[in-house]
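Quick notes on the structure that follows.
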Amino acid sequence: MHRIIRNIRVMDPGDGFDAVTDLAIADGRIVARGPLPADFQAEEVLDGTGLIACPGFVETSFQGHTPGHGRDGDLASELRAAVAGGVTQVLLRPDTLPVADTPAVLQEQRAVAGHLALARVHLAGALTTQLQGVALTEMAGLMESGAIVFSQAKKPVASAALLRLALSYAADLGRPVLLHGEEPELAAHGVMHEGRLSIRLGLIGRPVAAEQIGVQRDIAIAALSGCPIHFPHLSTAAAVAEVAAARQRGEPVSCGVSIHHLLLTEQDVGFFNLHAKILPPLRTAADRDALRHALAAGAITAISSDHCPWGVDREGMTFIQAPFGIAAVEWLLPLALRLVEEGVVNLMTILRLLSIGPAQALGLTPPSLAVGATADLCIFDPESRFMVEPTQGWSRGRNLPYGQWELRGQVRFTLVAGRVIFRS
Amino acid sequence: MSATLRFGEGNLQYDAQGRLRHLLSTEGLRERELLQILDTAESFLSIANRSVKKTPTLRGRTIANLFFENSTRTRSTFELAAKRLSADVLNIAVSTSSASKGESLTDMIDNLMAMQVDGFVIRHPEAGAAHLVARHLGDSALVVNAGDGQHAHPTQALLDVFTIRRLGGPIEDRVVAIVGDVFHSRVARSQIHALSVLGCPEIRVIGPRTLVPEELSALGVHVYHDLQAGLRGVDVICALRLQRERMESHRLPSLDEFHRRFGLTPERLQWAEPGALVLHPGPMNRGVEIASEVADGAQAVILQQVAHGLAVRMAVLAILAGAVGGV
């Protein structure tokens, strides 16, 4: 399929290209960015007037509930939500049912994803069996079944000795490890940020110190092993400072942040609002502002939607019982554009944080719109305004705190390998 | 966009016309509602002294007492309160085993709604349970929080301020100290908010740092870790029940050690103002947070609290049911 997108603003954070021009796509690749080859024949010509084309987004934390029981969504429903959000690559979280700690589970995920042919699906093998932090998984076997990284999802490895061995073993295999940096005993039973609001509500909190200590420890252990590590979702200024210091020392450590921690605070929990229950928890306004600052300063290199859908059943649960998570991958771009509107970072930087940054954290080839690159792209209308209607989304998740938010920047097309997998 | 409007809900306790429809927490209540409850309770108090202890206020209405946690005092005073108002009362003690059959809280509420229940009194071990039910029901039935985890116990706090107002004088010039396990106490949280709204000039919390963390000052209270310093100049002492679980979670070395530092004894009572009132929400651990000589002494008003609890709960049910004139 040959395609031309005419008169579109092309923004490529890979090489800083930013101009209104034409894009030509053939055989799944970008063949021209600018003047088209004279003999180029397209089967479809899209008018890109007023739209922006950028590399497709890469999601580092995606709960697809596959394998799983299906009532809270599955890869089919959730990948449709992802591509509607301009996401072209996702990394599945390994905390599925059962846990992705054996080749069989990864093979199932790969088969389902291949059949759907929506976004590119990357697999994470569990770093430890059942994510329990007690025994190593068969990492080489998981790699043979498609694992590109090893991950602990939202579970810290309590034993420092086992973490050292796991990271050393993973280092041999040359794959990065994704960690949830948190001291488990200090955070035990916590359902929100420990602070004024948790005191008021009588809920057990997770102190800032738990994340700080966890991240500090994981960085020190990673230094012993030489294994590159990534924290996909940090929430505190203290922990991000630990990562920034390690990067200064030249250690292979990076971190990302969820869009929720950049937009919301503990105050959004209000009186037990389930939609604001996530892990790590929403923190104070001071932490949110520090995360924004770290984003601008380059200490945080990726933004994630930390997609985790839960269906209507969760709405009948108390705040303590309800599982953690927000499902908002479909609105990742317009939510992130709020940061541009508020002057936190510029548009090119946001596009980098949604695409190149997360790809690098996962050891993937950074997506690009340069000639010859794979045509994975998102085309959006930066000016169109709309209201978020949670029940109208593609995801089966109903757990998002953005209902009735007015946002700007709707995704119009999503292309994977030159194929249009979403259009609106 | 404000944090509360963002989720499309304001204060759940009020209906669209600003009338109190649920009592979930003393936090966010206005002074006029608190005073209305206290004044209404005064009028109900006299009913207890009549030979016929009933009013027709809630005749034909059904109140369900839904208790997911053990309780003697609270459950029986709520039951009696509803009966004295002539309501039909459904008492449901949900043992932990039947709750674990898998029925969700909201499903249980829906089933009771199918039986035309007009109001729910709910005690639950988890913070936020009453809010969940109120959010689920909206205006279709009233909800009274009879204790949710470590969050709130508004009727207990109301009966405490009622007791202080009746027996200890105007709250606007009383110094009140809450002593013991404040961190885990829904009673203390609700007392603090109620006292603040009613203009209490100084609220203190006293106890070891493991049970009275500095962060409590965010609630607008003064934090003390020394009983003698904390009791100086105090007019009202609210003791709290100390749970045995606090020993298991290593927040305290032993009950004796707690008594040694923070137990209320006749000698220590002297550190407060002469004649200071002593309140306790019950059940008491004699010899732990309170010595028998104090519990049974002239300054204790613990049994009056129970009698007041009945009147206050009648007032709350009558007001929420719209049976007593709006504010």
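Ligands are numbered from 1 in the order shown, chains are lettered A, B, ... in the order of the structure tokens, and residues start at 1 in each chain.
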
Kindly determine which residues of chain A lie within 8 Å of chain B, considering only C-alpha atoms, and give the answer as a JSON list (two decimals) with N, CA and C atoms, in the first residue's frame.
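The resulting file, out18.json, is reproduced below:
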[["chain", "number", "residue", "atom", "x", "y", "z"],
["A", 195, "GLY", "N", 0.31, 11.11, 54.37],
["A", 195, "GLY", "CA", 0.42, 12.55, 54.59],
["A", 195, "GLY", "C", -0.84, 13.06, 55.24],
["A", 196, "ARG", "N", -1.08, 14.33, 55.08],
["A", 196, "ARG", "CA", -2.23, 14.96, 55.75],
["A", 196, "ARG", "C", -3.54, 14.28, 55.40],
["A", 199, "ILE", "N", -4.05, 10.80, 56.94],
["A", 199, "ILE", "CA", -4.36, 10.98, 58.35],
["A", 199, "ILE", "C", -5.83, 11.34, 58.51],
["A", 200, "ARG", "N", -6.30, 12.25, 57.69],
["A", 200, "ARG", "CA", -7.70, 12.70, 57.76],
["A", 200, "ARG", "C", -8.66, 11.56, 57.48],
["A", 201, "LEU", "N", -8.33, 10.76, 56.46],
["A", 201, "LEU", "CA", -9.27, 9.72, 56.02],
["A", 201, "LEU", "C", -9.12, 8.43, 56.83],
["A", 202, "GLY", "N", -8.10, 8.36, 57.68],
["A", 202, "GLY", "CA", -7.90, 7.13, 58.45],
["A", 202, "GLY", "C", -7.46, 5.98, 57.58],
["A", 203, "LEU", "N", -6.78, 6.28, 56.48],
["A", 203, "LEU", "CA", -6.28, 5.23, 55.59],
["A", 203, "LEU", "C", -4.78, 5.05, 55.81],
["A", 267, "GLN", "N", -4.87, 15.15, 46.71],
["A", 267, "GLN", "CA", -6.16, 15.81, 46.96],
["A", 267, "GLN", "C", -7.27, 15.22, 46.09],
["A", 268, "ASP", "N", -6.88, 14.63, 44.95],
["A", 268, "ASP", "CA", -7.89, 14.06, 44.07],
["A", 268, "ASP", "C", -8.54, 12.82, 44.66],
["A", 270, "GLY", "N", -9.91, 12.95, 47.43],
["A", 270, "GLY", "CA", -11.12, 13.56, 48.00],
["A", 270, "GLY", "C", -11.65, 12.73, 49.15],
["A", 271, "PHE", "N", -12.91, 12.32, 49.05],
["A", 271, "PHE", "CA", -13.46, 11.40, 50.04],
["A", 271, "PHE", "C", -13.54, 10.01, 49.42],
["A", 272, "PHE", "N", -12.41, 9.31, 49.42],
["A", 272, "PHE", "CA", -12.37, 7.91, 49.01],
["A", 272, "PHE", "C", -12.72, 7.70, 47.54],
["A", 316, "GLY", "N", -18.22, -1.15, 43.02],
["A", 316, "GLY", "CA", -18.91, -1.58, 44.23],
["A", 316, "GLY", "C", -17.97, -1.92, 45.36],
["A", 317, "MET", "N", -16.69, -1.61, 45.19],
["A", 317, "MET", "CA", -15.70, -1.96, 46.23],
["A", 317, "MET", "C", -15.37, -0.74, 47.08],
["A", 318, "THR", "N", -14.95, -1.02, 48.32],
["A", 318, "THR", "CA", -14.49, 0.08, 49.15],
["A", 318, "THR", "C", -13.11, 0.51, 48.66],
["A", 319, "PHE", "N", -12.68, 1.66, 49.11],
["A", 319, "PHE", "CA", -11.39, 2.20, 48.67],
["A", 319, "PHE", "C", -10.26, 1.23, 49.01],
["A", 320, "ILE", "N", -10.38, 0.57, 50.16],
["A", 320, "ILE", "CA", -9.31, -0.34, 50.60],
["A", 320, "ILE", "C", -9.29, -1.60, 49.73],
["A", 401, "PRO", "N", -10.07, 9.12, 36.30],
["A", 401, "PRO", "CA", -10.54, 10.31, 37.01],
["A", 401, "PRO", "C", -10.75, 11.50, 36.09],
["A", 402, "TYR", "N", -10.75, 11.27, 34.78],
["A", 402, "TYR", "CA", -10.78, 12.41, 33.86],
["A", 402, "TYR", "C", -12.15, 12.63, 33.23],
["A", 403, "GLY", "N", -13.17, 11.94, 33.71],
["A", 403, "GLY", "CA", -14.51, 12.13, 33.17],
["A", 403, "GLY", "C", -14.87, 13.61, 33.18],
["A", 404, "GLN", "N", -15.39, 14.10, 32.06],
["A", 404, "GLN", "CA", -15.81, 15.50, 31.90],
["A", 404, "GLN", "C", -14.66, 16.50, 31.85],
["A", 405, "TRP", "N", -13.43, 16.02, 31.77],
["A", 405, "TRP", "CA", -12.32, 16.95, 31.53],
["A", 405, "TRP", "C", -12.41, 17.41, 30.08]]

Original post:
Could you pull the residues within 6 Å of range 287-300 of chain B, counting only C-alpha atoms, minus those fewer than 4 positions along the same chain, as a VMD selection string?
Top reply: chain B and resid 259 263 to 266 277 to 278

Original post:
From the list A:Met139, A:Ala187, A:Met11, A:Leu264, which residue is nearest Lys155 in chain A when using only C-alpha atoms?
Top reply: A:Ala187

Original post:
Among range 154-302 of chain B, which ones does DSSP place in strand (DSSP E), written as a ChimeraX atom specification?
Top reply: /B:175-179,202-206,222-224,236-239,277-279

**OP:** Show which residues sit within 10 Å of range 409-423 of chain A, as a ChimeraX atom specification. Count only C-alpha atoms, and ignore same-chain residues fewer than 5 positions away.
**Re:** /A:1-3,24-30,48,51-57,80-89,117-120,330-331,333-338,373-386

Could you save the residues just selected, with C-alpha atoms, as an mmCIF file, in the first residue's frame?
data_model
loop_
_atom_site.group_PDB
_atom_site.id
_atom_site.type_symbol
_atom_site.label_atom_id
_atom_site.label_comp_id
_atom_site.auth_asym_id
_atom_site.auth_seq_id
_atom_site.Cartn_x
_atom_site.Cartn_y
_atom_site.Cartn_z
ATOM 1 C CA MET A 1 0.000 0.000 0.000
ATOM 2 C CA HIS A 2 1.394 3.374 -1.012
ATOM 3 C CA ARG A 3 0.148 6.385 0.841
ATOM 4 C CA ALA A 24 5.118 9.331 1.502
ATOM 5 C CA ILE A 25 4.824 5.796 2.823
ATOM 6 C CA ALA A 26 5.435 2.613 0.893
ATOM 7 C CA ASP A 27 5.934 -0.988 1.960
ATOM 8 C CA GLY A 28 5.654 -0.043 5.612
ATOM 9 C CA ARG A 29 8.388 2.584 5.515
ATOM 10 C CA ILE A 30 8.737 6.321 5.182
ATOM 11 C CA GLY A 48 -3.036 16.544 6.617
ATOM 12 C CA LEU A 51 -2.753 18.068 11.604
ATOM 13 C CA ILE A 52 0.543 16.947 13.132
ATOM 14 C CA ALA A 53 2.364 13.696 12.355
ATOM 15 C CA CYS A 54 4.765 12.323 14.951
ATOM 16 C CA PRO A 55 6.338 8.960 15.762
ATOM 17 C CA GLY A 56 3.894 6.503 17.310
ATOM 18 C CA PHE A 57 3.894 6.401 21.098
ATOM 19 C CA ARG A 80 -7.995 -0.849 20.522
ATOM 20 C CA ALA A 81 -7.904 1.797 23.232
ATOM 21 C CA ALA A 82 -4.139 2.093 22.806
ATOM 22 C CA VAL A 83 -4.203 2.627 19.057
ATOM 23 C CA ALA A 84 -7.049 5.129 19.498
ATOM 24 C CA GLY A 85 -4.544 7.006 21.649
ATOM 25 C CA GLY A 86 -1.818 7.023 19.015
ATOM 26 C CA VAL A 87 0.143 4.288 20.768
ATOM 27 C CA THR A 88 1.897 1.967 18.317
ATOM 28 C CA GLN A 89 3.970 -0.121 20.734
ATOM 29 C CA ALA A 117 -2.542 -7.123 14.519
ATOM 30 C CA LEU A 118 -3.123 -3.751 16.181
ATOM 31 C CA ALA A 119 -0.255 -2.067 18.032
ATOM 32 C CA ARG A 120 3.102 -3.834 18.247
ATOM 33 C CA GLU A 330 -6.781 6.401 24.954
ATOM 34 C CA TRP A 331 -6.343 9.963 26.266
ATOM 35 C CA LEU A 333 -1.728 12.408 24.216
ATOM 36 C CA PRO A 334 -4.379 15.023 25.049
ATOM 37 C CA LEU A 335 -3.592 14.645 28.746
ATOM 38 C CA ALA A 336 0.109 15.129 28.015
ATOM 39 C CA LEU A 337 -0.687 18.153 25.866
ATOM 40 C CA ARG A 338 -1.965 19.821 29.020
ATOM 41 C CA ALA A 373 12.242 4.439 9.098
ATOM 42 C CA THR A 374 9.383 2.058 9.835
ATOM 43 C CA ALA A 375 6.140 3.968 9.349
ATOM 44 C CA ASP A 376 4.755 3.793 12.891
ATOM 45 C CA LEU A 377 3.067 7.107 13.405
ATOM 46 C CA CYS A 378 0.374 9.073 15.085
ATOM 47 C CA ILE A 379 -1.501 11.855 13.333
ATOM 48 C CA PHE A 380 -3.449 14.204 15.548
ATOM 49 C CA ASP A 381 -5.383 17.439 15.455
ATOM 50 C CA PRO A 382 -3.736 19.701 18.024
ATOM 51 C CA GLU A 383 -6.636 22.126 18.186
ATOM 52 C CA SER A 384 -9.746 19.925 18.352
ATOM 53 C CA ARG A 385 -11.429 20.115 21.734
ATOM 54 C CA PHE A 386 -13.519 17.381 23.265
#
